[in-house]
Amino acid sequence: MASYVVMEPPGRAGSGDAVLVRDGFSWLAFFFSPLWLLWHRLWVEALLAFIVLGLLSALSETAGLGLAGSLLTLLVSLFVGLEGQGLKIAALRRRGWRESGVVEAQGLADGEIRYAATLEAQPEPQAPVLVPDAARARPIHTGMALGLSHNPGRV
């Protein structure tokens with residue numbers, strides 16, 4: 001079973017507009033690293049991947065690294081394959097999304113059904129009743145005030 005991280009949009013917790021991000025290795029991110037990052041709108045990460053891959057290939061050609069240069073570019077692809085979903089979650093957090101939990105499921109559709117079932121099972125949160133604390137209230141000053149007008153109770 002795969003685990004999915006549930007990310008809820010800002011200000012709409014429990015509304016059902018959540019995004020489920022699969023936690024684990026991504027083969028598409030491994031084979032097509034910069035394109036996968038662009039597809040998921042990870043612009044800065046895609047730019048960094050393009051720059052690092054370009055520098056590594058230029059370095060391997062000028063220094064004559066051969067197989068070692070290819071292995072270095074493979075390491076970049078391996079990093080994106082392993083951490084791609086984490087980069088996607090981090091980008092959602094930067095946009096104000098909040099992580100609300102983890103769902104284990106066979107697939108994405110099953111995960112969405114399980115998440116929807118947990119939303120239906122939870123009771124609606126009731127707003128707390130606010131009772132003013134008289135002990136913390138500021139004392140009212142009835143004395144003379146400096147200035148053009150008299151504002152009792154204002155410090």
# chains A, B, ... in the order shown; residues from 1 in each chain; ligands from 1
$ select_by_dssp --residues "stretch 46-141 of chain A" --states "alpha helix (DSSP H)" --output "CSV table (one decimal) with C-alpha atoms, in the first residue's frame"
chain,number,residue,atom,x,y,z
A,46,ALA,CA,13.5,22.8,-12.6
A,47,LEU,CA,15.8,25.8,-13.3
A,48,LEU,CA,18.3,24.4,-10.8
A,49,ALA,CA,18.1,20.9,-12.3
A,50,PHE,CA,18.7,22.3,-15.8
A,51,ILE,CA,21.7,24.3,-14.6
A,52,VAL,CA,23.2,21.4,-12.6
A,53,LEU,CA,22.7,18.9,-15.4
A,54,GLY,CA,24.2,21.4,-17.9
A,55,LEU,CA,27.2,22.1,-15.7
A,56,LEU,CA,27.8,18.4,-15.1
A,57,SER,CA,27.7,17.6,-18.8
A,58,ALA,CA,30.0,20.5,-19.7
A,59,LEU,CA,32.4,19.5,-16.9
A,60,SER,CA,32.4,15.9,-18.1
A,61,GLU,CA,33.2,16.9,-21.7
A,62,THR,CA,35.9,19.4,-20.8
A,63,ALA,CA,37.5,17.4,-18.1
A,67,LEU,CA,31.6,7.5,-17.2
A,68,ALA,CA,32.0,9.5,-14.0
A,69,GLY,CA,30.2,12.5,-15.6
A,70,SER,CA,27.3,10.2,-16.6
A,71,LEU,CA,27.1,8.8,-13.1
A,72,LEU,CA,27.0,12.4,-11.7
A,73,THR,CA,24.0,13.3,-13.9
A,74,LEU,CA,22.5,10.0,-12.9
A,75,LEU,CA,22.8,11.1,-9.2
A,76,VAL,CA,20.9,14.3,-10.0
A,77,SER,CA,18.1,12.3,-11.6
A,78,LEU,CA,18.1,9.9,-8.7
A,79,PHE,CA,17.8,12.8,-6.2
A,80,VAL,CA,14.8,14.2,-8.1
A,81,GLY,CA,13.2,10.7,-8.3
A,82,LEU,CA,13.6,10.2,-4.5
A,83,GLU,CA,12.8,13.8,-3.4
A,84,GLY,CA,10.4,14.9,-6.2
A,85,GLN,CA,7.3,14.4,-4.2
A,86,GLY,CA,8.9,16.1,-1.1
A,87,LEU,CA,9.7,19.1,-3.3
A,88,LYS,CA,6.1,19.1,-4.5
A,89,ILE,CA,4.9,19.1,-0.8
A,90,ALA,CA,7.3,21.9,0.1
A,91,ALA,CA,6.1,24.0,-2.8
A,92,LEU,CA,2.5,23.6,-1.6
A,93,ARG,CA,3.6,24.6,1.9
A,94,ARG,CA,5.2,27.8,0.5
A,108,LEU,CA,-5.0,7.7,-5.7
A,109,ALA,CA,-8.7,7.1,-6.2
A,110,ASP,CA,-8.8,4.8,-3.2
A,111,GLY,CA,-6.9,7.4,-1.1
A,112,GLU,CA,-9.4,10.1,-2.1
A,113,ILE,CA,-12.3,7.8,-1.0
A,114,ARG,CA,-10.6,7.1,2.3
A,115,TYR,CA,-9.9,10.8,2.9
A,116,ALA,CA,-13.5,11.7,2.1
A,117,ALA,CA,-14.8,9.0,4.5
A,118,THR,CA,-12.7,10.5,7.3
A,119,LEU,CA,-14.1,13.9,6.5
A,120,GLU,CA,-17.7,12.6,6.8
A,121,ALA,CA,-16.9,10.8,10.0
$ atom_distance --atom1 "atom CA of A:Ala2" --atom2 "atom CA of A:Phe31"
20.7 Å
$ select_by_dssp --residues "stretch 10-60 of chain A" --states "strand (DSSP E)" --output "list in words"
Val19, Leu20, Val21, Arg22 and Asp23 of chain A
$ atom_distance --atom1 "atom CA of A:Gly11" --atom2 "atom CA of A:Pro128"
17.9 Å
$ residues_around --residues "A:Arg98" --least-positions-apart "6" --cutoff "9 Å" --atoms "only C-alpha atoms" --output "PyMOL selection string"
chain A and resi 6-10+13+92
$ atom_distance --atom1 "atom CA of A:Trp97" --atom2 "atom CA of A:Ser33"
24.1 Å
